[in-house]
$ cat input_0.txt   # compact mmCIF, C-alpha atoms and all ligand atoms
# COMPACT_ATOMS: atom_id res chain seq x y z
CA MET A 476 1.77 -0.34 24.45
CA ARG A 477 0.40 3.11 24.42
CA ILE A 478 -3.13 2.40 23.34
CA SER A 479 -5.72 4.06 25.45
CA ILE A 480 -9.33 3.23 24.99
CA GLN A 481 -11.50 6.10 25.94
CA SER A 482 -15.01 5.61 27.10
CA TYR A 483 -17.61 8.10 26.15
CA PRO A 484 -19.88 9.01 29.04
CA MET A 485 -23.32 7.52 28.65
CA HIS A 486 -26.56 9.03 29.84
CA GLY A 487 -29.13 6.86 31.56
CA ASN A 488 -29.48 3.69 29.56
CA GLY A 489 -26.95 4.87 27.03
CA MET A 490 -29.51 6.06 24.47
CA ARG A 491 -29.38 9.44 22.86
CA ILE A 492 -32.34 11.67 23.26
CA GLY A 493 -34.25 11.67 19.98
CA SER A 494 -32.71 8.40 18.80
CA THR A 495 -34.03 4.95 19.52
CA LYS A 496 -30.61 3.41 19.09
CA GLN A 497 -27.65 3.53 21.41
CA TYR A 498 -25.25 4.61 18.66
CA ASP A 499 -25.67 6.57 15.48
CA TYR A 500 -22.74 4.75 13.86
CA LEU A 501 -21.10 1.44 14.51
CA ILE A 502 -17.75 1.65 12.79
CA VAL A 503 -16.16 -1.68 12.05
CA GLY A 504 -12.40 -1.29 11.77
CA ALA A 505 -10.13 1.19 13.54
CA GLY A 506 -7.93 1.82 10.50
CA LEU A 507 -7.68 5.11 8.64
CA PHE A 508 -11.11 5.00 7.02
CA GLY A 509 -12.86 4.09 10.26
CA ALA A 510 -10.91 6.59 12.35
CA VAL A 511 -11.53 9.50 9.96
CA PHE A 512 -15.22 8.70 9.66
CA ALA A 513 -15.54 8.34 13.43
CA ARG A 514 -13.79 11.68 13.99
CA GLU A 515 -16.00 13.51 11.52
CA ALA A 516 -19.23 11.96 12.76
CA THR A 517 -18.32 12.62 16.39
CA ASP A 518 -17.47 16.23 15.64
CA ALA A 519 -20.87 16.52 13.96
CA GLY A 520 -22.47 15.45 17.24
CA LYS A 521 -23.05 11.81 16.35
CA ARG A 522 -22.48 9.01 18.77
CA CYS A 523 -20.01 6.44 17.46
CA LEU A 524 -18.69 3.09 18.54
CA VAL A 525 -15.57 1.82 16.82
CA ILE A 526 -14.80 -1.89 17.03
CA ASP A 527 -11.80 -3.80 15.77
CA ARG A 528 -11.03 -7.51 15.81
CA ARG A 529 -7.33 -6.81 16.37
CA ASN A 530 -5.85 -5.85 19.71
CA HIS A 531 -4.81 -2.42 18.50
CA ILE A 532 -6.04 0.58 16.56
CA GLY A 533 -4.62 1.88 13.29
CA GLY A 534 -5.30 -1.07 10.99
CA ASN A 535 -2.32 -1.70 8.76
CA VAL A 536 -0.68 1.64 9.50
CA TYR A 537 -0.13 0.51 13.09
CA THR A 538 3.32 1.19 14.50
CA GLU A 539 4.76 -0.25 17.67
CA GLU A 540 7.78 0.98 19.57
CA ILE A 541 10.59 -1.55 19.87
CA GLU A 542 13.98 -0.49 21.29
CA GLY A 543 12.89 3.14 20.98
CA ILE A 544 12.17 2.68 17.26
CA GLN A 545 8.74 3.02 15.66
CA VAL A 546 8.25 -0.31 13.88
CA HIS A 547 5.80 -0.42 10.98
CA LYS A 548 4.20 -3.71 11.92
CA TYR A 549 2.29 -4.26 8.69
CA GLY A 550 4.82 -3.04 6.17
CA PRO A 551 6.34 0.35 5.48
CA HIS A 552 3.91 3.25 5.27
CA ILE A 553 5.18 6.51 3.89
CA PHE A 554 2.65 9.26 3.86
CA HIS A 555 2.50 11.16 0.58
CA THR A 556 -0.18 13.24 -1.01
CA ASP A 557 -0.95 16.00 -3.44
CA ILE A 558 -4.35 16.65 -1.90
CA GLU A 559 -4.03 19.80 0.13
CA VAL A 560 -7.08 19.23 2.30
CA VAL A 561 -5.85 15.77 3.24
CA TRP A 562 -2.45 17.15 4.20
CA GLU A 563 -4.07 19.85 6.35
CA TYR A 564 -6.38 17.26 7.84
CA VAL A 565 -3.66 14.85 8.99
CA ASN A 566 -1.53 17.67 10.30
CA GLN A 567 -4.18 18.33 12.93
CA PHE A 568 -3.29 15.04 14.53
CA THR A 569 0.47 14.78 14.17
CA HIS A 570 3.59 16.47 12.83
CA PHE A 571 5.43 14.94 9.92
CA ASN A 572 9.18 14.70 9.54
CA HIS A 573 11.03 15.35 6.27
CA PHE A 574 11.53 11.69 5.34
CA ARG A 575 11.61 10.87 1.64
CA TYR A 576 11.40 7.27 0.52
CA GLU A 577 14.43 6.41 -1.61
CA PRO A 578 14.53 2.63 -1.70
CA ILE A 579 17.36 0.61 -3.17
CA ALA A 580 16.83 -2.39 -5.45
CA ASN A 581 19.19 -5.28 -4.86
CA TYR A 582 19.45 -7.66 -7.81
CA LYS A 583 21.85 -10.47 -6.88
CA GLY A 584 24.11 -8.01 -5.08
CA GLU A 585 23.93 -5.27 -7.73
CA LEU A 586 22.40 -2.12 -6.26
CA TYR A 587 20.15 0.25 -8.19
CA ASN A 588 18.25 3.36 -7.23
CA LEU A 589 14.50 3.35 -7.36
CA PRO A 590 12.17 4.58 -8.70
CA PHE A 591 13.39 4.41 -12.27
CA ASN A 592 15.35 7.58 -12.84
CA MET A 593 18.65 8.84 -14.28
CA ASN A 594 20.58 7.18 -11.45
CA THR A 595 19.02 3.81 -12.34
CA PHE A 596 19.66 4.31 -16.06
CA HIS A 597 23.28 5.24 -15.37
CA GLN A 598 23.74 2.20 -13.14
CA MET A 599 22.06 -0.11 -15.67
CA TRP A 600 23.54 1.12 -18.93
CA GLY A 601 26.31 3.58 -18.09
CA VAL A 602 24.39 6.38 -19.81
CA ASN A 603 24.97 9.90 -18.54
CA THR A 604 22.32 12.05 -20.18
CA PRO A 605 18.52 11.95 -20.45
CA GLU A 606 18.83 11.74 -24.23
CA GLU A 607 21.02 8.63 -24.03
CA ALA A 608 18.66 7.03 -21.54
CA GLN A 609 15.61 7.82 -23.66
CA SER A 610 17.13 6.37 -26.78
CA LYS A 611 18.09 3.18 -24.92
CA ILE A 612 14.50 2.78 -23.72
CA GLU A 613 13.16 3.67 -27.18
CA GLU A 614 15.26 0.90 -28.70
CA GLN A 615 14.04 -1.67 -26.15
CA ARG A 616 10.37 -0.78 -26.13
CA ARG A 617 9.97 -1.40 -29.88
CA GLU A 618 9.00 -4.98 -29.15
CA ILE A 619 5.69 -3.72 -27.71
CA LYS A 620 3.15 -2.99 -30.42
CA GLY A 621 0.03 -1.00 -29.57
CA THR A 622 -1.33 -0.21 -26.11
CA PRO A 623 0.18 -2.38 -23.34
CA ILE A 624 -2.39 -4.87 -22.13
CA ASN A 625 -0.68 -6.26 -19.06
CA LEU A 626 2.01 -5.40 -16.52
CA GLU A 627 4.84 -6.96 -18.56
CA GLU A 628 4.02 -4.96 -21.68
CA GLN A 629 3.46 -1.82 -19.66
CA ALA A 630 6.80 -2.18 -17.88
CA ILE A 631 8.80 -2.81 -21.06
CA SER A 632 7.09 0.07 -22.75
CA LEU A 633 7.98 2.41 -19.86
CA VAL A 634 11.58 1.42 -19.10
CA GLY A 635 12.69 -1.26 -21.59
CA ARG A 636 13.46 -4.94 -21.24
CA ASP A 637 16.72 -4.73 -19.22
CA ILE A 638 15.11 -2.93 -16.30
CA TYR A 639 12.04 -5.10 -16.60
CA GLU A 640 14.16 -8.26 -16.31
CA LYS A 641 16.34 -7.14 -13.40
CA LEU A 642 14.14 -4.85 -11.34
CA ILE A 643 10.54 -5.66 -12.11
CA LYS A 644 9.77 -9.16 -13.37
CA GLU A 645 10.86 -11.40 -10.50
CA TYR A 646 10.00 -8.89 -7.78
CA THR A 647 6.49 -8.50 -9.14
CA GLU A 648 6.04 -12.24 -9.52
CA LYS A 649 7.16 -12.75 -5.92
CA GLN A 650 4.86 -10.00 -4.74
CA TRP A 651 1.77 -11.06 -6.65
CA GLY A 652 2.38 -14.81 -7.06
CA ARG A 653 1.49 -14.79 -10.74
CA PRO A 654 3.16 -13.95 -14.05
CA CYS A 655 3.44 -10.29 -15.05
CA THR A 656 1.46 -11.14 -18.18
CA GLU A 657 -1.55 -11.87 -15.95
CA LEU A 658 -1.38 -8.66 -13.94
CA PRO A 659 -3.05 -5.34 -14.71
CA ALA A 660 -0.84 -2.64 -16.22
CA PHE A 661 -1.89 0.01 -13.69
CA ILE A 662 0.13 -1.59 -10.88
CA ILE A 663 3.43 -0.57 -12.43
CA ARG A 664 2.18 2.89 -13.31
CA ARG A 665 2.17 3.55 -9.57
CA LEU A 666 5.92 4.11 -9.89
CA PRO A 667 7.35 7.27 -11.45
CA VAL A 668 9.77 7.11 -14.38
CA ARG A 669 11.99 10.20 -14.46
CA PHE A 670 14.71 11.55 -16.67
CA ARG A 671 16.19 13.47 -13.76
CA PHE A 672 18.64 12.33 -11.09
CA ASP A 673 15.96 12.08 -8.43
CA ASN A 674 15.40 9.07 -6.17
CA ASN A 675 12.22 10.27 -4.48
CA TYR A 676 9.80 7.35 -4.79
CA PHE A 677 6.79 9.64 -4.94
CA ASN A 678 5.93 12.69 -6.99
CA HIS A 679 3.74 14.25 -4.35
CA PRO A 680 4.57 17.63 -2.79
CA TYR A 681 3.60 16.59 0.75
CA GLN A 682 5.50 13.65 2.22
CA GLY A 683 6.78 12.40 5.54
CA ILE A 684 6.42 10.06 8.47
CA PRO A 685 4.36 11.03 11.53
CA ILE A 686 6.80 11.86 14.30
CA GLY A 687 6.17 9.38 17.10
CA GLY A 688 4.45 6.89 14.81
CA TYR A 689 1.15 6.30 13.08
CA THR A 690 -0.47 4.75 16.14
CA ALA A 691 -0.19 8.03 18.02
CA MET A 692 -1.73 9.84 15.05
CA VAL A 693 -4.72 7.50 14.92
CA GLU A 694 -5.03 7.62 18.72
CA LYS A 695 -5.40 11.37 18.40
CA MET A 696 -8.03 10.97 15.68
CA LEU A 697 -10.00 8.69 17.96
CA GLU A 698 -9.73 10.91 21.04
CA GLY A 699 -12.94 10.87 23.06
CA ILE A 700 -14.49 8.13 20.92
CA GLU A 701 -15.47 4.74 22.32
CA VAL A 702 -13.27 1.99 20.91
CA ARG A 703 -13.55 -1.72 21.61
CA LEU A 704 -10.64 -3.90 20.58
CA ASN A 705 -10.55 -7.69 20.21
CA THR A 706 -14.13 -7.39 19.06
CA GLU A 707 -15.53 -9.24 16.05
CA TYR A 708 -18.37 -7.72 14.11
CA ARG A 709 -21.61 -9.59 14.48
CA ALA A 710 -24.63 -8.17 12.71
CA GLY A 711 -27.18 -6.78 15.13
CA GLU A 712 -24.99 -7.11 18.22
CA TYR A 713 -24.86 -3.38 18.86
CA GLU A 714 -27.69 -0.96 18.57
CA ALA A 715 -26.65 1.44 15.85
CA SER A 716 -28.62 3.33 13.25
CA LYS A 717 -25.96 2.71 10.65
CA VAL A 718 -22.85 0.57 10.17
CA VAL A 719 -19.63 1.72 8.55
CA TYR A 720 -17.87 -1.46 7.52
CA THR A 721 -14.20 -1.40 6.54
CA GLY A 722 -13.53 -5.14 6.53
CA PRO A 723 -13.50 -7.32 3.41
CA ILE A 724 -16.73 -6.92 1.48
CA ASP A 725 -16.90 -10.62 0.54
CA ALA A 726 -16.61 -11.64 4.20
CA TYR A 727 -19.50 -9.32 5.08
CA PHE A 728 -21.72 -11.19 2.64
CA ASP A 729 -20.43 -14.54 3.87
CA TYR A 730 -18.61 -15.21 0.59
CA ARG A 731 -21.96 -15.70 -1.14
CA PHE A 732 -20.50 -15.48 -4.65
CA GLY A 733 -17.11 -16.91 -3.70
CA GLU A 734 -13.91 -15.47 -2.25
CA LEU A 735 -12.22 -12.41 -3.61
CA GLU A 736 -8.48 -12.91 -3.93
CA TYR A 737 -6.01 -10.92 -1.88
CA ARG A 738 -2.29 -11.06 -1.39
CA SER A 739 -1.16 -11.56 2.12
CA LEU A 740 2.15 -10.77 3.78
CA ARG A 741 4.31 -12.41 6.38
CA PHE A 742 6.79 -10.41 8.41
CA GLU A 743 9.93 -11.55 10.20
CA THR A 744 11.12 -8.86 12.54
CA GLU A 745 14.52 -9.01 14.23
CA VAL A 746 16.28 -6.74 16.70
CA LEU A 747 19.95 -6.55 15.75
CA ASP A 748 22.82 -5.52 17.94
CA MET A 749 24.22 -3.03 15.48
CA VAL A 750 23.75 0.62 14.70
CA ASN A 751 22.99 0.43 11.01
CA TYR A 752 22.14 -2.69 9.02
CA GLN A 753 21.52 -1.56 5.45
CA GLY A 754 21.81 2.22 5.37
CA CYS A 755 18.30 2.84 4.04
CA ALA A 756 14.68 2.35 5.10
CA GLY A 757 13.74 0.02 2.27
CA MET A 758 15.73 -2.44 0.20
CA ASN A 759 13.86 -4.41 -2.45
CA PHE A 760 15.25 -7.81 -3.38
CA THR A 761 14.28 -8.07 -6.99
CA SER A 762 15.46 -11.60 -7.85
CA HIS A 763 13.70 -14.90 -7.31
CA ASP A 764 16.56 -16.52 -5.39
CA ILE A 765 15.76 -14.50 -2.25
CA ALA A 766 12.36 -15.43 -0.90
CA TYR A 767 11.48 -12.12 0.75
CA THR A 768 10.53 -9.10 -1.33
CA ARG A 769 12.13 -6.47 0.87
CA ILE A 770 13.89 -5.62 4.09
CA VAL A 771 12.76 -2.59 6.01
CA GLU A 772 15.06 -0.99 8.56
CA HIS A 773 12.67 1.05 10.63
CA LYS A 774 15.02 3.50 12.37
CA HIS A 775 15.72 5.24 9.07
CA PHE A 776 12.14 6.48 8.86
CA GLU A 777 12.88 8.75 11.79
CA PHE A 778 16.60 9.37 11.27
CA GLN A 779 17.44 7.62 14.52
CA ASP A 780 21.21 7.45 14.28
CA GLY A 781 21.69 7.59 18.04
CA THR A 782 20.39 4.13 19.01
CA ASP A 783 22.78 1.16 19.40
CA LYS A 784 20.29 -1.37 18.13
CA THR A 785 18.31 -1.61 14.96
CA VAL A 786 15.08 -3.35 14.02
CA ILE A 787 14.66 -4.91 10.61
CA THR A 788 11.72 -6.68 9.00
CA LYS A 789 11.88 -9.15 6.17
CA GLU A 790 8.66 -9.07 4.19
CA TYR A 791 7.38 -12.15 2.41
CA SER A 792 4.44 -12.09 0.09
CA GLN A 793 2.05 -15.02 0.15
CA ASP A 794 -1.26 -16.28 -1.14
CA TRP A 795 -4.17 -15.32 1.00
CA LYS A 796 -6.43 -17.97 2.45
CA LYS A 797 -9.32 -17.57 4.86
CA GLY A 798 -8.02 -16.62 8.28
CA ASP A 799 -4.96 -14.74 6.94
CA GLU A 800 -4.74 -10.96 6.97
CA PRO A 801 -5.66 -9.59 3.54
CA TYR A 802 -3.34 -6.78 2.38
CA TYR A 803 -3.56 -6.21 -1.33
CA PRO A 804 -6.69 -6.68 -3.42
CA VAL A 805 -5.89 -8.51 -6.66
CA ASN A 806 -7.61 -6.20 -9.09
CA ASP A 807 -7.46 -8.46 -12.13
CA GLU A 808 -10.45 -8.95 -14.40
CA LYS A 809 -11.81 -12.02 -12.69
CA ASN A 810 -11.72 -10.50 -9.21
CA GLN A 811 -12.98 -7.17 -10.41
CA LYS A 812 -16.07 -8.87 -11.85
CA LEU A 813 -16.67 -10.72 -8.61
CA PHE A 814 -16.28 -7.49 -6.69
CA GLU A 815 -18.90 -5.84 -8.92
CA GLN A 816 -21.37 -8.53 -7.84
CA TYR A 817 -20.69 -7.79 -4.18
CA LYS A 818 -20.89 -4.08 -4.86
CA ALA A 819 -24.36 -4.52 -6.35
CA LEU A 820 -25.42 -6.36 -3.20
CA ALA A 821 -23.93 -3.59 -1.08
CA GLU A 822 -25.90 -0.98 -2.98
CA ASP A 823 -29.12 -2.81 -2.14
CA GLU A 824 -28.37 -2.81 1.57
CA CYS A 825 -29.54 0.16 3.51
CA ASN A 826 -27.93 1.49 6.65
CA ILE A 827 -24.46 0.31 5.79
CA ILE A 828 -21.50 2.06 4.21
CA PHE A 829 -18.52 0.11 2.87
CA GLY A 830 -15.16 1.85 2.92
CA GLY A 831 -11.40 1.46 2.72
CA ARG A 832 -9.02 -0.88 0.90
CA LEU A 833 -10.95 -4.00 1.89
CA GLY A 834 -14.49 -2.61 1.90
CA GLU A 835 -14.05 -1.14 -1.57
CA TYR A 836 -11.54 -3.73 -2.83
CA ARG A 837 -9.19 -1.05 -4.13
CA TYR A 838 -5.42 -0.66 -4.07
CA TYR A 839 -5.77 2.58 -2.12
CA ASP A 840 -2.91 4.65 -0.73
CA MET A 841 -3.37 6.23 2.69
CA ASP A 842 -4.17 9.70 1.39
CA LYS A 843 -6.84 8.38 -0.95
CA VAL A 844 -8.44 6.44 1.89
CA ILE A 845 -8.58 9.60 3.98
CA ALA A 846 -9.93 11.67 1.08
CA ARG A 847 -12.62 9.07 0.47
CA ALA A 848 -13.54 8.83 4.15
CA LEU A 849 -13.88 12.62 4.34
CA GLU A 850 -16.06 12.64 1.25
CA VAL A 851 -18.27 9.80 2.48
CA ALA A 852 -18.58 11.45 5.90
CA ARG A 853 -19.52 14.78 4.34
CA GLU A 854 -22.22 13.25 2.15
CA GLU A 855 -23.51 11.10 4.97
CA LEU A 856 -23.57 13.78 7.63
CA GLN A 857 -25.23 16.27 5.33
CA SER A 858 -28.02 13.84 4.56
CA VAL A 859 -28.93 13.03 8.16
N1 LIG B 1 7.79 -2.92 -8.41
C1 LIG B 1 8.82 -3.60 -9.02
N2 LIG B 1 10.07 -3.54 -8.47
C2 LIG B 1 10.33 -2.84 -7.35
C3 LIG B 1 9.28 -2.12 -6.74
C4 LIG B 1 8.02 -2.19 -7.28
O1 LIG B 1 8.62 -4.26 -10.03
O2 LIG B 1 11.49 -2.84 -6.91
C5 LIG B 1 6.44 -3.04 -9.01
C6 LIG B 1 5.66 -4.22 -8.44
O3 LIG B 1 4.90 -4.76 -9.49
C7 LIG B 1 4.76 -3.56 -7.43
C8 LIG B 1 4.45 -2.25 -8.11
O4 LIG B 1 5.67 -1.89 -8.75
O5 LIG B 1 3.60 -4.33 -7.22
C9 LIG B 1 3.98 -1.16 -7.19
O6 LIG B 1 4.95 -0.96 -6.20
P1 LIG B 1 4.66 -0.13 -4.89
O7 LIG B 1 5.94 0.17 -4.26
O8 LIG B 1 3.73 0.98 -5.21
O9 LIG B 1 3.90 -1.22 -3.99
P2 LIG B 1 3.43 -1.09 -2.47
O10 LIG B 1 4.12 0.07 -1.87
O11 LIG B 1 1.95 -0.90 -2.52
O12 LIG B 1 3.82 -2.38 -1.87
$ encode --input "input_0.txt" --output "C-alpha cells"
Amino acid sequence: MRISIQSYPMHGNGMRIGSTKQYDYLIVGAGLFGAVFAREATDAGKRCLVIDRRNHIGGNVYTEEIEGIQVHKYGPHIFHTDIEVVWEYVNQFTHFNHFRYEPIANYKGELYNLPFNMNTFHQMWGVNTPEEAQSKIEEQRREIKGTPINLEEQAISLVGRDIYEKLIKEYTEKQWGRPCTELPAFIIRRLPVRFRFDNNYFNHPYQGIPIGGYTAMVEKMLEGIEVRLNTEYRAGEYEASKVVYTGPIDAYFDYRFGELEYRSLRFETEVLDMVNYQGCAGMNFTSHDIAYTRIVEHKHFEFQDGTDKTVITKEYSQDWKKGDEPYYPVNDEKNQKLFEQYKALAEDECNIIFGGRLGEYRYYDMDKVIARALEVAREELQSV
C-alpha cells in the first residue's frame, strides 16, 4: 500500500506557543470532509491531528491497487460537480480523466441504458422520437394523482410504470431493504430523465476519475499533516481545542435516543483471468432473482485495456447493525426525526463540529461534502 503517514515536527513538549493545547483541531475521520478541513486549517496555520479507526485514509472513496487496477474498495465513486470552486479545489490535488459513467441495467438478461433517456425508451417501447416517448410516459403516469408522496409514485410519475417495474422497483427494494412506497421521493430524483440519446449518468459539467486513484488524491490533501490510523476516537484522549467529528452522530452520543438506521454494503471482489468481463464500469442488476445490486469492473474507470486481468466487485446491500460499516443514511421520516434530536444535542455542544455523510446524516455526494467542508472551514477559521 502506498499510504504514508507524515509526522509534523513538534516543538518542545508538542504545544503551540499561545495555545494551551497540543492541537487546535482533532479531526476524527480521514475521509473527504476530514481531509479538506484538515488541509484548510493547516494552511491557515492551525495544528491538526487526523485520526481514523480504519487502516487507511480516504474513508469510503479509498482505492487500492490490485493487478495494476485502481479498485474502488467501498463502491464506485465517480466525481461529478457543477460547483466551479470545488472542481478547482480538487484539481489542486489530482488530475481527472475523461471518464463518464454510463451504467447498464440488466433485467433478467435484457440490457437497458441508464439513466432514463431516449436509448432506454427505445429499448423499452421501441419508440424512436422524444414525442413518442413522452406520450408513452404521459399515458402511464395518469395513475398518479397529485404530488408524488413516495419513491414509487415519484418514479411512475417520472418514467411510467413499465420502467418502474423493470428498472426501479426491485433494484430499489434490494438496495434499501424496504418497499418503494416507504421510501422518500427525493432518492429517485437523483437520476436524470432525458429526452435525448444521452447515457451520461450525471448532468454536471465537470466529471471524471482521479488518475492514479482517490487514495493518492486524499494523500496529497493530507500532505504534511499528522495522521494516525487504526485509532478509535475517545473523548479527551488528545489535547485539542476543538474536535471535527465525521463519524456517525448517534454513535458520538452513545445512541442516547436510539440508533439511526443506515444501509450497509458487502463487497465480493474477484480477480479474473480475462481482459474484459462486462464491457462497462457498472452493471446494475435490477431484478430480485440476483442478490447483488451491481457489478463494478474497475479497469473501465481508467480505460485500462492493456491489462490481461480484470477485477470485478459484486455489491450486496444489507441492513446495518452495530459494528457494520454504515454507508447510506436512511432519510425517511422516522430517522429524520431522530436525527433532529441528535442535531439539537450537537448544537448544544461547544468545541465540536459534525460533518460529512455520517456526521450530518445526509445522502451527500462527494462534491457536496467538499463544498460543505470548505464552507465550515471558512466560517470556523474566520471566527478564531
Ligand atoms: N435506481 C434504480 N435503478 C437503477 C439505479 C438507481 O431504481 O438501476 C434508484 C435507486 O432507488 C437508487 C436511486 O435510484 O437508490 C439513486 O441511485 P444512485 O445511483 O444515485 O445511487 P448511489 O450512486 O448513491 O448508490
$ atom_distance --input "input_0.txt" --atom1 "atom C4 of ligand LIG 1 (chain B)" --atom2 "atom CA of Asn581 of chain A"
11.8 Å
$ residues_near_ligand --input "input_0.txt" --ligand "ligand LIG 1 (chain B)" --cutoff "6 Å" --atoms "only C-alpha atoms and all ligand atoms" --output "PyMOL selection string"
chain A and resi 580+642-643+646-647+662-663+665+759+761
$ residues_near_point --input "input_0.txt" --point "(2.0, -10.2, -5.7)" --cutoff "9 Å" --atoms "only C-alpha atoms" --output "VMD selection string"
chain A and resid 646 to 653 737 to 739 792 to 794 803 805
$ atom_distance --input "input_0.txt" --atom1 "atom CA of Thr622 of chain A" --atom2 "atom CA of Phe661 of chain A"
12.4 Å
$ atom_distance --input "input_0.txt" --atom1 "atom CA of Gly509 of chain A" --atom2 "atom CA of Asn678 of chain A"
26.9 Å
